[in-house]
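Source file: final.json; contents: JSON, C-alpha atoms.
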[["chain", "number", "residue", "atom", "x", "y", "z"],
["T", 1, "MET", "CA", 22.95, 46.78, -22.98],
["T", 2, "ALA", "CA", 22.72, 47.62, -26.69],
["T", 3, "ALA", "CA", 22.60, 51.29, -27.69],
["T", 4, "TYR", "CA", 19.44, 52.78, -29.20],
["T", 5, "LYS", "CA", 21.31, 53.34, -32.48],
["T", 6, "THR", "CA", 22.27, 49.67, -32.61],
["T", 7, "LEU", "CA", 18.68, 48.59, -32.00],
["T", 8, "LYS", "CA", 16.94, 51.10, -34.29],
["T", 9, "GLY", "CA", 19.67, 51.97, -36.81],
["T", 10, "GLN", "CA", 19.53, 55.67, -36.00],
["T", 11, "SER", "CA", 20.40, 58.08, -33.20],
["T", 12, "ILE", "CA", 17.86, 59.86, -31.02],
["T", 13, "ARG", "CA", 17.01, 63.26, -32.54],
["T", 14, "GLN", "CA", 17.72, 66.44, -30.60],
["T", 15, "VAL", "CA", 15.06, 69.09, -31.12],
["T", 16, "ALA", "CA", 14.17, 72.42, -29.50],
["T", 17, "GLN", "CA", 10.43, 71.68, -29.68],
["T", 18, "ASP", "CA", 8.40, 68.47, -29.67],
["T", 19, "PRO", "CA", 7.43, 67.37, -33.22],
["T", 20, "ALA", "CA", 3.90, 68.44, -34.23],
["T", 21, "ASN", "CA", 2.95, 65.01, -35.62],
["T", 22, "PRO", "CA", 5.22, 62.37, -34.09],
["T", 23, "LEU", "CA", 5.16, 58.78, -35.31],
["T", 24, "LEU", "CA", 4.02, 55.99, -33.03],
["T", 25, "GLY", "CA", 7.03, 54.80, -31.02],
["T", 26, "GLU", "CA", 9.18, 57.82, -31.97],
["T", 27, "ILE", "CA", 11.69, 59.06, -29.35],
["T", 28, "TRP", "CA", 13.44, 62.44, -29.26],
["T", 29, "TYR", "CA", 15.43, 64.65, -26.88],
["T", 30, "ASN", "CA", 13.89, 68.05, -26.17],
["T", 31, "THR", "CA", 16.90, 70.35, -25.61],
["T", 32, "THR", "CA", 14.71, 73.20, -24.35],
["T", 33, "LEU", "CA", 13.20, 71.09, -21.57],
["T", 34, "GLY", "CA", 16.20, 68.83, -21.12],
["T", 35, "LEU", "CA", 13.96, 65.75, -21.37],
["T", 36, "LEU", "CA", 14.00, 62.52, -23.32],
["T", 37, "LYS", "CA", 10.47, 62.14, -24.68],
["T", 38, "GLY", "CA", 8.44, 59.66, -26.70],
["T", 39, "TYR", "CA", 5.07, 59.23, -28.41],
["T", 40, "GLN", "CA", 2.85, 56.33, -27.48],
["T", 41, "THR", "CA", -0.84, 55.53, -27.86],
["T", 42, "VAL", "CA", -2.97, 53.02, -26.00],
["T", 43, "SER", "CA", -6.50, 51.65, -26.24],
["T", 44, "VAL", "CA", -8.92, 52.03, -23.32],
["T", 45, "TRP", "CA", -12.45, 51.05, -22.24],
["T", 46, "SER", "CA", -14.62, 53.36, -20.14],
["T", 47, "ALA", "CA", -18.06, 53.00, -18.58],
["T", 48, "GLY", "CA", -21.08, 54.12, -20.61],
["T", 49, "GLY", "CA", -24.76, 54.43, -19.76],
["T", 50, "SER", "CA", -26.56, 51.27, -18.65],
["T", 51, "LEU", "CA", -29.08, 49.45, -20.85],
["T", 52, "GLY", "CA", -32.68, 49.78, -19.74],
["T", 53, "THR", "CA", -33.19, 46.01, -20.00],
["T", 54, "ALA", "CA", -30.59, 43.47, -18.83],
["T", 55, "ARG", "CA", -30.05, 40.81, -21.50],
["T", 56, "TYR", "CA", -27.69, 38.67, -23.55],
["T", 57, "ASN", "CA", -27.83, 37.01, -26.97],
["T", 58, "LEU", "CA", -29.15, 40.31, -28.33],
["T", 59, "GLY", "CA", -28.83, 41.72, -31.83],
["T", 60, "SER", "CA", -27.05, 44.93, -32.75],
["T", 61, "ALA", "CA", -26.68, 47.23, -35.74],
["T", 62, "ILE", "CA", -22.94, 46.68, -36.14],
["T", 63, "GLY", "CA", -22.73, 49.56, -38.61],
["T", 64, "GLY", "CA", -23.77, 51.91, -35.81],
["T", 65, "THR", "CA", -21.42, 54.17, -33.90],
["T", 66, "GLN", "CA", -20.41, 54.82, -30.31],
["T", 67, "THR", "CA", -22.80, 57.76, -30.20],
["T", 68, "ALA", "CA", -25.59, 56.18, -32.27],
["T", 69, "ALA", "CA", -25.89, 52.48, -31.40],
["T", 70, "LEU", "CA", -28.86, 50.12, -31.53],
["T", 71, "GLY", "CA", -29.56, 46.95, -29.52],
["T", 72, "PHE", "CA", -32.60, 44.70, -29.95],
["T", 73, "GLY", "CA", -34.07, 41.38, -28.83],
["T", 74, "GLY", "CA", -32.23, 38.99, -26.53],
["T", 75, "ARG", "CA", -32.95, 37.07, -23.33],
["T", 76, "GLU", "CA", -33.56, 36.29, -20.39],
["T", 77, "PRO", "CA", -36.50, 36.02, -20.59],
["T", 78, "TYR", "CA", -36.91, 36.39, -24.35],
["T", 79, "VAL", "CA", -37.53, 40.04, -25.19],
["T", 80, "GLY", "CA", -38.28, 42.17, -28.22],
["T", 81, "ASP", "CA", -37.02, 45.35, -26.58],
["T", 82, "THR", "CA", -35.24, 47.86, -28.81],
["T", 83, "GLU", "CA", -32.98, 50.55, -27.37],
["T", 84, "GLU", "CA", -31.04, 53.43, -28.93],
["T", 85, "TYR", "CA", -27.81, 54.87, -27.48],
["T", 86, "ASN", "CA", -26.87, 58.53, -27.95],
["T", 87, "GLY", "CA", -23.38, 58.43, -26.49],
["T", 88, "SER", "CA", -24.47, 58.64, -22.85],
["T", 89, "THR", "CA", -27.90, 57.06, -22.32],
["T", 90, "TRP", "CA", -30.13, 54.32, -23.75],
["T", 91, "SER", "CA", -33.76, 55.06, -24.66],
["T", 92, "GLU", "CA", -36.55, 52.55, -25.21],
["T", 93, "GLN", "CA", -38.05, 52.34, -28.72],
["T", 94, "ASN", "CA", -40.71, 50.19, -30.39],
["T", 95, "ASN", "CA", -40.22, 46.45, -29.94],
["T", 96, "LEU", "CA", -39.44, 43.88, -32.59],
["T", 97, "ASN", "CA", -42.61, 42.38, -34.08],
["T", 98, "THR", "CA", -41.36, 38.91, -33.10],
["T", 99, "THR", "CA", -39.70, 38.46, -29.71],
["T", 100, "ARG", "CA", -36.47, 36.47, -30.07],
["T", 101, "SER", "CA", -32.82, 36.10, -29.19],
["T", 102, "GLN", "CA", -29.61, 34.84, -30.84],
["T", 103, "LEU", "CA", -30.40, 36.91, -33.95],
["T", 104, "GLY", "CA", -28.09, 38.63, -36.41],
["T", 105, "GLY", "CA", -27.95, 42.34, -37.08],
["T", 106, "ALA", "CA", -26.65, 44.86, -39.60],
["T", 107, "GLY", "CA", -27.07, 48.47, -40.64],
["T", 108, "THR", "CA", -27.25, 51.62, -38.53],
["T", 109, "GLN", "CA", -29.36, 53.12, -35.76],
["T", 110, "THR", "CA", -31.81, 54.61, -38.26],
["T", 111, "ALA", "CA", -31.72, 51.86, -40.89],
["T", 112, "ALA", "CA", -31.11, 48.46, -39.30],
["T", 113, "LEU", "CA", -31.73, 44.79, -40.03],
["T", 114, "GLY", "CA", -32.56, 42.04, -37.55],
["T", 115, "PHE", "CA", -32.71, 38.47, -38.90],
["T", 116, "GLY", "CA", -32.87, 34.85, -37.84],
["T", 117, "GLY", "CA", -32.78, 33.87, -34.18],
["T", 118, "THR", "CA", -34.97, 31.73, -31.97],
["T", 119, "GLU", "CA", -38.28, 32.39, -30.18],
["T", 120, "PRO", "CA", -37.19, 30.18, -28.29],
["T", 121, "SER", "CA", -37.18, 27.24, -30.71],
["T", 122, "PRO", "CA", -36.81, 26.18, -33.43],
["T", 123, "PRO", "CA", -34.63, 28.69, -35.34],
["T", 124, "VAL", "CA", -36.56, 31.18, -37.48],
["T", 125, "ASN", "CA", -35.98, 32.76, -40.91],
["T", 126, "LEU", "CA", -37.63, 36.08, -40.05],
["T", 127, "THR", "CA", -36.19, 39.44, -41.11],
["T", 128, "GLU", "CA", -37.25, 42.83, -39.78],
["T", 129, "GLU", "CA", -36.22, 46.32, -40.90],
["T", 130, "TYR", "CA", -35.90, 49.27, -38.51],
["T", 131, "ASP", "CA", -36.37, 52.88, -39.66],
["T", 132, "GLY", "CA", -35.26, 54.68, -36.51],
["T", 133, "SER", "CA", -38.68, 54.34, -34.92],
["T", 134, "SER", "CA", -40.37, 51.02, -35.67],
["T", 135, "TRP", "CA", -39.85, 47.58, -37.22],
["T", 136, "THR", "CA", -41.47, 46.20, -40.37],
["T", 137, "VAL", "CA", -41.30, 42.69, -41.79],
["T", 138, "GLY", "CA", -38.76, 42.07, -44.56],
["T", 139, "GLY", "CA", -37.86, 39.13, -46.80],
["T", 140, "VAL", "CA", -37.24, 35.76, -45.10],
["T", 141, "LEU", "CA", -33.87, 34.03, -44.96],
["T", 142, "ASN", "CA", -33.48, 30.97, -47.18],
["T", 143, "THR", "CA", -31.96, 29.09, -44.22],
["T", 144, "ALA", "CA", -33.63, 29.45, -40.82],
["T", 145, "ARG", "CA", -30.96, 29.67, -38.10],
["T", 146, "ARG", "CA", -29.79, 31.23, -34.89],
["T", 147, "LEU", "CA", -26.41, 32.37, -33.55],
["T", 148, "LEU", "CA", -25.54, 33.82, -36.98],
["T", 149, "TYR", "CA", -23.77, 37.11, -37.68],
["T", 150, "GLY", "CA", -24.31, 40.00, -40.05],
["T", 151, "ALA", "CA", -22.57, 42.79, -41.93],
["T", 152, "GLY", "CA", -23.41, 45.58, -44.35],
["T", 153, "THR", "CA", -26.45, 47.82, -44.55],
["T", 154, "GLN", "CA", -30.23, 47.52, -44.59],
["T", 155, "THR", "CA", -30.29, 47.47, -48.41],
["T", 156, "ALA", "CA", -27.01, 45.58, -48.90],
["T", 157, "GLY", "CA", -26.81, 43.19, -45.98],
["T", 158, "LEU", "CA", -24.99, 39.93, -45.33],
["T", 159, "ALA", "CA", -25.88, 36.98, -43.09],
["T", 160, "TYR", "CA", -23.51, 34.07, -42.46],
["T", 161, "GLY", "CA", -23.00, 31.05, -40.24],
["T", 162, "GLY", "CA", -25.41, 29.92, -37.55],
["T", 163, "GLY", "CA", -27.16, 26.68, -36.70],
["T", 164, "PRO", "CA", -27.96, 24.14, -35.45],
["T", 165, "PRO", "CA", -26.47, 22.15, -36.98],
["T", 166, "ASN", "CA", -23.52, 24.39, -37.76],
["T", 167, "THR", "CA", -23.92, 25.92, -41.20],
["T", 168, "ALA", "CA", -21.62, 27.65, -43.69],
["T", 169, "SER", "CA", -24.60, 29.34, -45.36],
["T", 170, "THR", "CA", -24.05, 32.90, -46.59],
["T", 171, "GLU", "CA", -26.88, 35.09, -47.87],
["T", 172, "GLU", "CA", -27.01, 38.61, -49.32],
["T", 173, "TYR", "CA", -29.93, 41.01, -48.78],
["T", 174, "ASN", "CA", -30.92, 43.65, -51.35],
["T", 175, "GLY", "CA", -33.50, 45.47, -49.26],
["T", 176, "SER", "CA", -36.34, 43.08, -49.99],
["T", 177, "SER", "CA", -35.05, 39.51, -50.42],
["T", 178, "TRP", "CA", -32.17, 37.19, -49.54],
["T", 179, "THR", "CA", -30.01, 35.38, -52.13],
["T", 180, "ALA", "CA", -27.63, 32.50, -51.37],
["T", 181, "SER", "CA", -23.93, 33.15, -51.97],
["T", 182, "GLY", "CA", -20.64, 31.33, -51.39],
["T", 183, "GLY", "CA", -20.49, 29.50, -48.07],
["T", 184, "LEU", "CA", -17.95, 29.84, -45.28],
["T", 185, "ASN", "CA", -15.01, 27.43, -45.45],
["T", 186, "SER", "CA", -15.67, 26.54, -41.80],
["T", 187, "ALA", "CA", -19.30, 25.90, -40.83],
["T", 188, "ARG", "CA", -19.97, 27.37, -37.39],
["T", 189, "ARG", "CA", -22.38, 29.24, -35.17],
["T", 190, "ALA", "CA", -21.89, 31.76, -32.34],
["T", 191, "LEU", "CA", -19.33, 33.57, -34.51],
["T", 192, "ALA", "CA", -18.73, 37.29, -35.08],
["T", 193, "GLY", "CA", -17.56, 39.55, -37.87],
["T", 194, "ALA", "CA", -17.41, 42.99, -39.43],
["T", 195, "GLY", "CA", -17.46, 44.82, -42.75],
["T", 196, "THR", "CA", -19.79, 45.21, -45.72],
["T", 197, "GLN", "CA", -21.67, 42.99, -48.15],
["T", 198, "THR", "CA", -18.70, 42.95, -50.55],
["T", 199, "ALA", "CA", -15.86, 43.09, -48.00],
["T", 200, "ALA", "CA", -16.81, 41.18, -44.85],
["T", 201, "LEU", "CA", -14.96, 39.38, -42.10],
["T", 202, "ALA", "CA", -15.95, 36.30, -40.05],
["T", 203, "PHE", "CA", -14.05, 35.08, -37.01],
["T", 204, "GLY", "CA", -14.36, 32.73, -34.04],
["T", 205, "GLY", "CA", -17.41, 30.59, -33.38],
["T", 206, "SER", "CA", -18.46, 27.28, -31.87],
["T", 207, "GLY", "CA", -15.76, 24.75, -31.15],
["T", 208, "PRO", "CA", -14.41, 27.13, -30.02],
["T", 209, "SER", "CA", -12.98, 28.17, -33.38],
["T", 210, "ASP", "CA", -10.01, 30.41, -34.10],
["T", 211, "ALA", "CA", -10.81, 30.65, -37.83],
["T", 212, "THR", "CA", -10.81, 34.01, -39.62],
["T", 213, "GLU", "CA", -12.30, 34.33, -43.10],
["T", 214, "GLU", "CA", -12.57, 37.24, -45.55],
["T", 215, "TYR", "CA", -15.47, 37.68, -48.01],
["T", 216, "ASP", "CA", -15.13, 39.46, -51.37],
["T", 217, "GLY", "CA", -18.78, 39.57, -52.38],
["T", 218, "SER", "CA", -18.92, 36.02, -53.71],
["T", 219, "SER", "CA", -16.58, 33.71, -51.76],
["T", 220, "TRP", "CA", -14.66, 33.34, -48.51],
["T", 221, "THR", "CA", -10.89, 32.90, -48.12],
["T", 222, "ASN", "CA", -8.98, 32.02, -44.96],
["T", 223, "GLY", "CA", -7.17, 34.78, -43.08],
["T", 224, "THR", "CA", -4.88, 34.78, -40.04],
["T", 225, "VAL", "CA", -6.41, 32.82, -37.16],
["T", 226, "LEU", "CA", -7.48, 34.45, -33.90],
["T", 227, "PRO", "CA", -4.80, 34.22, -31.19],
["T", 228, "SER", "CA", -7.40, 32.65, -28.88],
["T", 229, "GLY", "CA", -10.30, 30.64, -30.28],
["T", 230, "ARG", "CA", -13.65, 31.47, -28.73],
["T", 231, "ALA", "CA", -17.39, 31.59, -29.37],
["T", 232, "TYR", "CA", -20.22, 33.98, -28.44],
["T", 233, "LEU", "CA", -17.98, 36.96, -29.16],
["T", 234, "ALA", "CA", -18.87, 40.27, -30.85],
["T", 235, "GLY", "CA", -17.24, 42.18, -33.67],
["T", 236, "PHE", "CA", -17.44, 45.49, -35.50],
["T", 237, "GLY", "CA", -15.49, 47.66, -37.92],
["T", 238, "ALA", "CA", -14.23, 46.97, -41.44],
["T", 239, "GLN", "CA", -12.62, 43.97, -43.11],
["T", 240, "THR", "CA", -9.18, 45.55, -42.82],
["T", 241, "ALA", "CA", -9.80, 47.31, -39.49],
["T", 242, "ALA", "CA", -11.93, 45.18, -37.17],
["T", 243, "ILE", "CA", -12.37, 44.66, -33.44],
["T", 244, "THR", "CA", -13.40, 41.45, -31.67],
["T", 245, "VAL", "CA", -14.70, 41.60, -28.09],
["T", 246, "GLY", "CA", -15.33, 39.09, -25.28],
["T", 247, "GLY", "CA", -16.47, 35.50, -25.72],
["T", 248, "LEU", "CA", -16.51, 31.99, -24.22],
["T", 249, "PRO", "CA", -15.54, 29.29, -23.05],
["T", 250, "SER", "CA", -16.17, 30.12, -19.39],
["T", 251, "PRO", "CA", -15.35, 32.23, -17.61],
["T", 252, "GLN", "CA", -16.53, 35.00, -19.91],
["T", 253, "LYS", "CA", -13.53, 36.62, -21.55],
["T", 254, "PRO", "CA", -12.45, 40.28, -21.37],
["T", 255, "LEU", "CA", -10.27, 39.79, -24.47],
["T", 256, "VAL", "CA", -10.16, 42.46, -27.18],
["T", 257, "GLN", "CA", -8.19, 42.14, -30.41],
["T", 258, "GLU", "CA", -7.79, 44.21, -33.58],
["T", 259, "TYR", "CA", -7.44, 42.90, -37.15],
["T", 260, "ASN", "CA", -5.61, 45.01, -39.75],
["T", 261, "GLY", "CA", -6.35, 42.82, -42.76],
["T", 262, "THR", "CA", -3.28, 40.67, -42.14],
["T", 263, "SER", "CA", -2.83, 39.96, -38.44],
["T", 264, "TRP", "CA", -4.44, 40.24, -35.01],
["T", 265, "THR", "CA", -3.10, 42.46, -32.20],
["T", 266, "SER", "CA", -4.17, 42.42, -28.55],
["T", 267, "LYS", "CA", -5.79, 45.60, -27.25],
["T", 268, "ALA", "CA", -7.01, 46.77, -23.84],
["T", 269, "ASP", "CA", -9.26, 44.21, -22.14],
["T", 270, "LEU", "CA", -12.85, 44.92, -21.23],
["T", 271, "THR", "CA", -13.29, 46.16, -17.68],
["T", 272, "THR", "CA", -15.83, 43.36, -17.15],
["T", 273, "GLY", "CA", -15.33, 40.06, -18.99],
["T", 274, "ARG", "CA", -18.47, 39.13, -20.90],
["T", 275, "ALA", "CA", -19.89, 37.12, -23.79],
["T", 276, "GLU", "CA", -23.07, 37.21, -25.91],
["T", 277, "GLY", "CA", -23.21, 41.02, -25.99],
["T", 278, "GLY", "CA", -23.74, 43.50, -28.81],
["T", 279, "GLY", "CA", -21.21, 45.78, -30.44],
["T", 280, "ALA", "CA", -20.82, 48.59, -32.96],
["T", 281, "GLY", "CA", -18.33, 51.19, -34.14],
["T", 282, "THR", "CA", -14.78, 51.28, -35.48],
["T", 283, "THR", "CA", -11.25, 50.47, -34.34],
["T", 284, "SER", "CA", -10.90, 54.01, -32.99],
["T", 285, "SER", "CA", -14.34, 54.44, -31.40],
["T", 286, "GLY", "CA", -16.56, 51.51, -30.45],
["T", 287, "ILE", "CA", -19.14, 50.23, -27.99],
["T", 288, "TYR", "CA", -19.97, 46.87, -26.37],
["T", 289, "PHE", "CA", -23.18, 46.37, -24.36],
["T", 290, "GLY", "CA", -25.20, 43.75, -22.51],
["T", 291, "GLY", "CA", -24.14, 40.12, -22.45],
["T", 292, "SER", "CA", -23.58, 37.44, -19.82],
["T", 293, "PRO", "CA", -22.81, 36.28, -17.08],
["T", 294, "GLY", "CA", -25.89, 36.54, -14.93],
["T", 295, "PRO", "CA", -29.15, 34.59, -15.26],
["T", 296, "ALA", "CA", -30.81, 37.60, -16.88],
["T", 297, "GLY", "CA", -27.76, 39.09, -18.53],
["T", 298, "VAL", "CA", -26.29, 42.48, -17.66],
["T", 299, "VAL", "CA", -26.97, 46.16, -18.39],
["T", 300, "ILE", "CA", -23.29, 47.08, -18.65],
["T", 301, "THR", "CA", -22.14, 49.32, -21.51],
["T", 302, "GLU", "CA", -18.48, 50.01, -22.21],
["T", 303, "GLU", "CA", -17.07, 52.50, -24.71],
["T", 304, "TYR", "CA", -13.84, 51.83, -26.60],
["T", 305, "THR", "CA", -11.25, 54.39, -27.63],
["T", 306, "GLY", "CA", -8.63, 52.83, -29.84],
["T", 307, "ALA", "CA", -5.88, 55.45, -29.66],
["T", 308, "VAL", "CA", -5.37, 57.67, -26.65],
["T", 309, "ASP", "CA", -2.33, 59.93, -27.00],
["T", 310, "LEU", "CA", -0.34, 59.57, -23.82],
["T", 311, "GLY", "CA", 2.39, 61.95, -24.95],
["T", 312, "ARG", "CA", 4.42, 59.96, -22.47],
["T", 313, "ILE", "CA", 7.52, 61.69, -21.11],
["T", 314, "ILE", "CA", 10.59, 59.60, -20.37],
["T", 315, "THR", "CA", 12.53, 61.90, -18.09],
["T", 316, "THR", "CA", 16.30, 61.76, -17.78],
["T", 317, "SER", "CA", 16.37, 63.57, -14.46]]

For this file, write the structure as structure tokens.
Amino acid sequence: MAAYKTLKGQSIRQVAQDPANPLLGEIWYNTTLGLLKGYQTVSVWSAGGSLGTARYNLGSAIGGTQTAALGFGGREPYVGDTEEYNGSTWSEQNNLNTTRSQLGGAGTQTAALGFGGTEPSPPVNLTEEYDGSSWTVGGVLNTARRLLYGAGTQTAGLAYGGGPPNTASTEEYNGSSWTASGGLNSARRALAGAGTQTAALAFGGSGPSDATEEYDGSSWTNGTVLPSGRAYLAGFGAQTAAITVGGLPSPQKPLVQEYNGTSWTSKADLTTGRAEGGGAGTTSSGIYFGGSPGPAGVVITEEYTGAVDLGRIITTS
């Protein structure tokens, strides 16, 4: 077996005390304790409070946080229910003005956007704005569609993809109206993404697709493909630090992956494999809620922690 120095190009450090800020993967020998030790972090999912209404194909404010999330709309049956999460429980708020599912979302818990979707058919171009209490009607999309995704804020939002038929359409929202922008390179629906109006990410989708694309405020360029193509997945985070969760084809997937702006890395799977749910947060602290399977969807909420310090001890005794 090769020595550590041969593999890493350096010997294991001997120290009297553990380093205050060790690097990921660093190994050292604690002479005081007589132990070989190392620093490792892992990602984990844990159970959160259940939704008040079981559903899938719901919208979410993907700019929300683990302790301030927002879910709205969905099915089955079609609902306009809006719920806010405070880090432990969901509370019912005022409904959408138009009941629908398969809609896109953006913004935060107190300043959200819900757009597109179906009620149940055909696709609609409706936009609604949420102020932390109630919904008001906003400017309509130029292209009516469902199974689209969103990014950005209530006053600087982004909508892309959707169908049917599959579309590459991308639109920017300025707080009152939508303007067409550069289209996706790969037209698709049931996709997911992350980011802002000027730095967005799109990945996965119908097919199922493994395509990843990055948006710079005017056009999309291809990024590194997903390790496993799938549709009806969720996403949240930033263009250079994003999470993708769940998806289809059947059975519903527990897969979770992180994008760093260059490549995808597998993270801890969901406890319960699902698709068509809502998500929000960052690569270090996120949330995924609702979704399928089940004829009426599920109430399950799971909370994501992207870096748990194990402080793992590798003992020599």

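Distances from T:Arg230, T:Arg146, T:Arg75, T:Arg55 to T:Pro164 were compared using only C-alpha atoms, and the smallest one belongs to T:Arg146.
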
Sorted by chain and rising residue number, list the residues of stretch 107-169 of chain T at most 8 Å from stretch 175-182 of chain T (counting only C-alpha atoms), each with its closest atom pair and distance in Å to one decimal, as a Markdown table.
| residue | atom | partner | partner_atom | distance |
| --- | --- | --- | --- | --- |
| T:Gly138 | CA | T:Ser176 | CA | 6.0 |
| T:Gly139 | CA | T:Ser177 | CA | 4.6 |
| T:Val140 | CA | T:Ser177 | CA | 6.9 |
| T:Leu141 | CA | T:Trp178 | CA | 5.8 |
| T:Asn142 | CA | T:Trp178 | CA | 6.8 |
| T:Gln154 | CA | T:Gly175 | CA | 6.1 |
| T:Thr155 | CA | T:Gly175 | CA | 3.9 |
| T:Ala156 | CA | T:Gly175 | CA | 6.5 |
| T:Gly157 | CA | T:Gly175 | CA | 7.8 |
| T:Ser169 | CA | T:Ala180 | CA | 7.4 |

Report task. Give me, please, the distance in Å between atom CA of T:Gly80 and atom CA of T:Leu103, quoted to one decimal. Result -> 11.1 Å

Requested in this report: Extract, using all atoms listed in the file, all DNA, RNA and protein residues at most 12 Å from T:Arg274, discarding same-chain residues fewer than 5 positions from it, and format them as a PyMOL selection string.
Outcome: chain T and resi 55-57+230-234+245-256+269+279+288-294+297-302

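Note that atom CA of T:Thr262 and atom CA of T:Gln102 are 29.2 Å apart.
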
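Distances to T:Ser266 were evaluated for T:Asn94, T:Ser50, T:Thr153, T:Ser43 using all atoms listed in the file, and the minimum falls at T:Ser43.
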
Query raised in the report: Hey, what's within 9 Å of T:Ile243 if we count only C-alpha atoms and toss same-chain stuff fewer than 5 positions away? As a list in words, please?
Result: Gly193, Ala194, Ala234, Gly235, Phe236, Gly237, Ala238, Val256, Gln257, Glu258, Tyr259, Gly281, Thr282, Thr283 and Gly286 of chain T

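Residues lying within 12 Å of T:Ser121, counting all atoms listed in the file and ignoring same-chain neighbours fewer than 2 positions away, are Tyr78, Thr99, Arg100, Ser101, Gln102, Gly116, Gly117, Thr118, Glu119, Pro123, Val124, Asn125, Ala144, Arg145, Arg146, Gly163 and Pro164 of chain T.
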
Requested in this report: Identify, on the basis of only C-alpha atoms, every residue whose closest approach to T:Ser91 does not exceed 9 Å; exclude the query and any residue fewer than 5 positions from it along the same chain; express the result as a ChimeraX atom specification.
Outcome: /T:51-52,82-86

Report task. Using all atoms listed in the file, determine which residues lie at most 6 Å from T:Leu184, disregarding the query and same-chain residues fewer than 2 positions distant; provide the list as a list of chain:residue names. Result -> T:Ala168, T:Ser186, T:Trp220

Report summary line: From atom CA of T:Asn185 to atom CA of T:Gly74 the spacing works out at 28.1 Å

Report summary line: With distances taken over all atoms listed in the file, the candidate from T:Leu148, T:Leu226, T:Leu126, T:Val44 nearest T:Gly104 is T:Leu148

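With distances restricted to only C-alpha atoms, T:Ala190 is the closest residue to T:Thr167 from T:Ala151, T:Leu270, T:Ala68, T:Ala190.
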
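For the set T:Ser206, T:Val15, T:Pro120, T:Gly277, the residue with the smallest atom-to-atom gap to T:Phe72 is T:Gly277, counting all atoms listed in the file.
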
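Closest approach to T:Gly161 among T:Gly59, T:Pro295, T:Pro122, T:Gly205: T:Gly205, based on all atoms listed in the file.
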